[in-house]
Amino acid sequence: MKKCIIFFPKISSSGLPDAFSWWMQAAATYGIDAKICFFEDFGFAKLPDKPDFVVMRGYDSRISLFYENQGVKVINTWEAMDCSHNKWKTYTALLDKSIPTPLTVLINNKTTFDSLAKELGTPFVVKQTNGSQGYNVYLVNTTQEYLEAYGQCQYNAIAQKYISTSHGHDVRVWVIGNHAVACVLRYSKSSFISNYSQGGQAKSYPLTADIAKLAVDASNACGLFFSGVDLLFAPDGNFTVCEVNGNAGFRTLSEVSDFNILNTFFSSLEDYDN
């Protein structure tokens, strides 16, 4: 029987307890002995026997590289997770593969509102470089709003062209290997961002060939095996890639569909190679 370890941050034990059972049940369905561990215990608790593979449900270079250096398959690798977690790295990876994505500028302490407005137009979006779940994302119209947003992002931020045609709605696509397996439309009636964690809602949406190809290309550009790709509705009627997530949640999918994404994940592992 194959063995795997699924690592979570400890905060998940209070916020998302049913996530553990989802992963354990799906693994058992495919004859895999899964064990849940927490990032914070690594190096203190006795490590389990060497697993066949590790699943990272968060960002921790120590754990990823520890197992990768032992030749254990890690999903996703630290290099891929780092690329997706750092929005500037994501942007450059997408540009390198000529994948459409909004114009983005890396901010530093000398960057001014006027310079960004000239480059991106107004309003524009300010995001924490390593943020997630829609936290520390701001729509900026003035110098004061820009300075406040930059501070809230702990002076570690990017500025991105605002895609007004996608205000309050986007498409989340889940990718496993070289296949887009599901998508939903996320929307908000009160905010320009539609993340579920920020009060957004979701409904079913057709997974077209164009959506699937763009999502897979974006996921592959970051080196991810299991990912969530967020697509914006571009002015020309096509889509553009907003973000690529290496630690993608799937609660919205479970609310609008009976599709079991974890069964698909575990059934696809033979196609995975670090």
# chains A, B, ... in the order shown; residues from 1 in each chain; ligands from 1

$ residues_around --residues "Ala221 in chain A" --least-positions-apart "4" --cutoff "8 Å" --atoms "only C-alpha atoms" --output "JSON, numbers by chain"
{"A": [93, 94, 97, 217]}

$ residues_around --residues "range 114-116 of chain A" --least-positions-apart "5" --cutoff "12 Å" --atoms "only C-alpha atoms" --output "ChimeraX atom specification"
/A:103-108,121-126,140-144,146-147,158-162

$ closest_residue --among "A:Tyr187, A:Tyr272, A:Trp88, A:Phe38" --to "Val244 in chain A" --atoms "only C-alpha atoms"
A:Trp88

$ residues_around --residues "range 252-262 of chain A" --least-positions-apart "5" --cutoff "10 Å" --atoms "only C-alpha atoms" --output "list in words"
Trp22, Trp23, Met24, Gln25, Ala26, Ala27, Arg172, Val173, Trp174, Val175, Ile176, Val181, Ala182, Cys183, Val184, Leu185, Arg186, Asn195, Tyr196, Ser197, Gly200, Gln201, Ala202, Lys203, Ser204, Tyr205, Ser267 and Ser268 of chain A

$ residues_around --residues "Asn238 in chain A" --least-positions-apart "3" --cutoff "10 Å" --atoms "only C-alpha atoms" --output "PDB file with all heavy atoms, in the first residue's frame"
ATOM      1  N   PRO A 100      -1.575  35.409 -21.824  1.00  0.00           N
ATOM      2  CA  PRO A 100      -2.165  36.717 -21.517  1.00  0.00           C
ATOM      3  C   PRO A 100      -2.401  36.904 -20.021  1.00  0.00           C
ATOM      4  O   PRO A 100      -2.964  36.035 -19.351  1.00  0.00           O
ATOM      5  CB  PRO A 100      -3.490  36.702 -22.292  1.00  0.00           C
ATOM      6  CG  PRO A 100      -3.790  35.252 -22.532  1.00  0.00           C
ATOM      7  CD  PRO A 100      -2.458  34.580 -22.669  1.00  0.00           C
ATOM      8  N   ASP A 210     -11.268  26.634 -24.795  1.00  0.00           N
ATOM      9  CA  ASP A 210     -10.400  27.803 -24.654  1.00  0.00           C
ATOM     10  C   ASP A 210     -10.028  28.036 -23.186  1.00  0.00           C
ATOM     11  O   ASP A 210      -8.872  28.343 -22.875  1.00  0.00           O
ATOM     12  CB  ASP A 210     -11.088  29.046 -25.222  1.00  0.00           C
ATOM     13  CG  ASP A 210     -11.151  29.047 -26.739  1.00  0.00           C
ATOM     14  OD1 ASP A 210     -10.403  28.268 -27.367  1.00  0.00           O
ATOM     15  OD2 ASP A 210     -11.952  29.820 -27.293  1.00  0.00           O
ATOM     16  N   ILE A 211     -11.009  27.912 -22.301  1.00  0.00           N
ATOM     17  CA  ILE A 211     -10.742  28.076 -20.875  1.00  0.00           C
ATOM     18  C   ILE A 211      -9.770  27.007 -20.400  1.00  0.00           C
ATOM     19  O   ILE A 211      -8.805  27.283 -19.675  1.00  0.00           O
ATOM     20  CB  ILE A 211     -12.055  28.015 -20.072  1.00  0.00           C
ATOM     21  CG1 ILE A 211     -12.869  29.291 -20.289  1.00  0.00           C
ATOM     22  CG2 ILE A 211     -11.779  27.809 -18.586  1.00  0.00           C
ATOM     23  CD1 ILE A 211     -14.249  29.260 -19.648  1.00  0.00           C
ATOM     24  N   LEU A 231      -9.215  33.252 -13.923  1.00  0.00           N
ATOM     25  CA  LEU A 231      -9.278  33.933 -15.206  1.00  0.00           C
ATOM     26  C   LEU A 231     -10.217  35.131 -15.137  1.00  0.00           C
ATOM     27  O   LEU A 231     -11.325  35.031 -14.593  1.00  0.00           O
ATOM     28  CB  LEU A 231      -9.772  32.977 -16.299  1.00  0.00           C
ATOM     29  CG  LEU A 231      -9.005  31.659 -16.473  1.00  0.00           C
ATOM     30  CD1 LEU A 231      -9.621  30.850 -17.613  1.00  0.00           C
ATOM     31  CD2 LEU A 231      -7.530  31.914 -16.738  1.00  0.00           C
ATOM     32  N   LEU A 232      -9.779  36.247 -15.708  1.00  0.00           N
ATOM     33  CA  LEU A 232     -10.598  37.451 -15.792  1.00  0.00           C
ATOM     34  C   LEU A 232     -11.219  37.568 -17.179  1.00  0.00           C
ATOM     35  O   LEU A 232     -10.650  37.105 -18.172  1.00  0.00           O
ATOM     36  CB  LEU A 232      -9.741  38.691 -15.521  1.00  0.00           C
ATOM     37  CG  LEU A 232      -9.024  38.759 -14.170  1.00  0.00           C
ATOM     38  CD1 LEU A 232      -8.170  40.023 -14.113  1.00  0.00           C
ATOM     39  CD2 LEU A 232     -10.007  38.717 -13.022  1.00  0.00           C
ATOM     40  N   PHE A 233     -12.382  38.215 -17.228  1.00  0.00           N
ATOM     41  CA  PHE A 233     -13.053  38.470 -18.496  1.00  0.00           C
ATOM     42  C   PHE A 233     -12.418  39.704 -19.137  1.00  0.00           C
ATOM     43  O   PHE A 233     -12.566  40.826 -18.640  1.00  0.00           O
ATOM     44  CB  PHE A 233     -14.546  38.700 -18.272  1.00  0.00           C
ATOM     45  CG  PHE A 233     -15.283  37.474 -17.798  1.00  0.00           C
ATOM     46  CD1 PHE A 233     -15.306  37.143 -16.451  1.00  0.00           C
ATOM     47  CD2 PHE A 233     -15.935  36.656 -18.703  1.00  0.00           C
ATOM     48  CE1 PHE A 233     -15.994  36.013 -16.003  1.00  0.00           C
ATOM     49  CE2 PHE A 233     -16.622  35.525 -18.277  1.00  0.00           C
ATOM     50  CZ  PHE A 233     -16.644  35.203 -16.921  1.00  0.00           C
ATOM     51  N   ALA A 234     -11.701  39.505 -20.230  1.00  0.00           N
ATOM     52  CA  ALA A 234     -10.972  40.592 -20.882  1.00  0.00           C
ATOM     53  C   ALA A 234     -11.916  41.430 -21.754  1.00  0.00           C
ATOM     54  O   ALA A 234     -12.983  40.959 -22.175  1.00  0.00           O
ATOM     55  CB  ALA A 234      -9.840  40.025 -21.728  1.00  0.00           C
ATOM     56  N   PRO A 235     -11.535  42.671 -22.054  1.00  0.00           N
ATOM     57  CA  PRO A 235     -12.385  43.554 -22.871  1.00  0.00           C
ATOM     58  C   PRO A 235     -12.680  43.005 -24.265  1.00  0.00           C
ATOM     59  O   PRO A 235     -13.717  43.321 -24.846  1.00  0.00           O
ATOM     60  CB  PRO A 235     -11.575  44.852 -22.953  1.00  0.00           C
ATOM     61  CG  PRO A 235     -10.700  44.833 -21.749  1.00  0.00           C
ATOM     62  CD  PRO A 235     -10.350  43.383 -21.537  1.00  0.00           C
TER      63      PRO A 235
END

$ select_by_dssp --residues "range 54-138 of chain A" --states "strand (DSSP E or B)" --output "list in words"
Val54, Val55, Met56, Lys73, Val74, Ile75, Thr104, Val105, Leu106, Phe124, Val125, Val126, Lys127, Gln128, Val137 and Tyr138 of chain A

$ write_last_selection --atoms "N, CA, C and O atoms" --output "mmCIF file, in the first residue's frame"
data_model
loop_
_atom_site.group_PDB
_atom_site.id
_atom_site.type_symbol
_atom_site.label_atom_id
_atom_site.label_comp_id
_atom_site.auth_asym_id
_atom_site.auth_seq_id
_atom_site.Cartn_x
_atom_site.Cartn_y
_atom_site.Cartn_z
ATOM 1 N N VAL A 54 4.313 13.286 -0.926
ATOM 2 C CA VAL A 54 3.870 14.297 0.028
ATOM 3 C C VAL A 54 2.989 15.291 -0.713
ATOM 4 O O VAL A 54 3.283 15.676 -1.852
ATOM 5 N N VAL A 55 1.900 15.697 -0.065
ATOM 6 C CA VAL A 55 1.020 16.731 -0.613
ATOM 7 C C VAL A 55 1.132 17.961 0.275
ATOM 8 O O VAL A 55 0.954 17.877 1.491
ATOM 9 N N MET A 56 1.432 19.097 -0.330
ATOM 10 C CA MET A 56 1.602 20.347 0.419
ATOM 11 C C MET A 56 0.351 21.200 0.289
ATOM 12 O O MET A 56 0.013 21.687 -0.794
ATOM 13 N N LYS A 73 8.380 12.236 -4.062
ATOM 14 C CA LYS A 73 7.545 13.096 -4.881
ATOM 15 C C LYS A 73 6.789 14.070 -3.988
ATOM 16 O O LYS A 73 6.155 13.659 -3.009
ATOM 17 N N VAL A 74 6.864 15.349 -4.309
ATOM 18 C CA VAL A 74 6.170 16.380 -3.541
ATOM 19 C C VAL A 74 5.222 17.124 -4.482
ATOM 20 O O VAL A 74 5.622 17.570 -5.558
ATOM 21 N N ILE A 75 3.984 17.256 -4.065
ATOM 22 C CA ILE A 75 2.945 17.897 -4.872
ATOM 23 C C ILE A 75 2.381 19.077 -4.085
ATOM 24 O O ILE A 75 1.760 18.891 -3.062
ATOM 25 N N THR A 104 1.650 44.272 -15.203
ATOM 26 C CA THR A 104 1.959 44.285 -13.771
ATOM 27 C C THR A 104 3.286 44.994 -13.535
ATOM 28 O O THR A 104 4.220 44.864 -14.329
ATOM 29 N N VAL A 105 3.373 45.735 -12.441
ATOM 30 C CA VAL A 105 4.583 46.460 -12.064
ATOM 31 C C VAL A 105 4.956 46.075 -10.640
ATOM 32 O O VAL A 105 4.094 46.052 -9.751
ATOM 33 N N LEU A 106 6.227 45.783 -10.423
ATOM 34 C CA LEU A 106 6.723 45.492 -9.073
ATOM 35 C C LEU A 106 7.001 46.814 -8.373
ATOM 36 O O LEU A 106 7.757 47.653 -8.850
ATOM 37 N N PHE A 124 -6.116 51.399 -10.569
ATOM 38 C CA PHE A 124 -5.325 50.178 -10.752
ATOM 39 C C PHE A 124 -5.379 49.373 -9.461
ATOM 40 O O PHE A 124 -5.867 49.838 -8.430
ATOM 41 N N VAL A 125 -4.902 48.142 -9.530
ATOM 42 C CA VAL A 125 -4.992 47.213 -8.406
ATOM 43 C C VAL A 125 -3.636 47.097 -7.723
ATOM 44 O O VAL A 125 -2.608 46.987 -8.396
ATOM 45 N N VAL A 126 -3.630 47.136 -6.398
ATOM 46 C CA VAL A 126 -2.432 46.873 -5.609
ATOM 47 C C VAL A 126 -2.655 45.576 -4.828
ATOM 48 O O VAL A 126 -3.695 45.418 -4.178
ATOM 49 N N LYS A 127 -1.686 44.665 -4.900
ATOM 50 C CA LYS A 127 -1.790 43.368 -4.233
ATOM 51 C C LYS A 127 -0.509 43.073 -3.465
ATOM 52 O O LYS A 127 0.592 43.369 -3.947
ATOM 53 N N GLN A 128 -0.657 42.451 -2.314
ATOM 54 C CA GLN A 128 0.517 41.952 -1.609
ATOM 55 C C GLN A 128 1.155 40.861 -2.461
ATOM 56 O O GLN A 128 0.471 39.976 -2.973
ATOM 57 N N VAL A 137 -5.818 43.056 -1.211
ATOM 58 C CA VAL A 137 -6.003 43.411 -2.622
ATOM 59 C C VAL A 137 -6.853 44.680 -2.644
ATOM 60 O O VAL A 137 -7.950 44.706 -2.070
ATOM 61 N N TYR A 138 -6.370 45.738 -3.309
ATOM 62 C CA TYR A 138 -7.015 47.046 -3.231
ATOM 63 C C TYR A 138 -7.163 47.665 -4.613
ATOM 64 O O TYR A 138 -6.254 47.556 -5.453
#

$ closest_atom_pairs --of "range 46-147 of chain A" --to "range 239-242 of chain A" --cutoff "10 Å" --atoms "only C-alpha atoms" --output "Markdown table"
| residue | atom | partner | partner_atom | distance |
| --- | --- | --- | --- | --- |
| A:Lys87 | CA | A:Cys242 | CA | 9.6 |
| A:Thr90 | CA | A:Cys242 | CA | 9.6 |
| A:Tyr91 | CA | A:Cys242 | CA | 9.0 |
| A:Leu94 | CA | A:Val241 | CA | 8.5 |
| A:Ile99 | CA | A:Val241 | CA | 7.6 |
| A:Pro100 | CA | A:Thr240 | CA | 5.1 |
| A:Thr101 | CA | A:Val241 | CA | 4.7 |
| A:Pro102 | CA | A:Cys242 | CA | 6.9 |

$ closest_residue --among "A:Cys153, A:Ala28, A:Ala19, A:Asn220" --to "Phe250 in chain A" --atoms "only C-alpha atoms"
A:Ala19

$ select_by_dssp --residues "range 15-237 of chain A" --states "helix (DSSP H, G or I)" --output "VMD selection string"
chain A and resid 15 17 to 29 39 to 41 61 to 68 78 to 85 87 to 96 113 to 120 143 to 152 164 to 166 196 to 198 209 to 221

$ atom_distance --atom1 "CA of Lys213 in chain A" --atom2 "CA of Asn76 in chain A"
20.1 Å
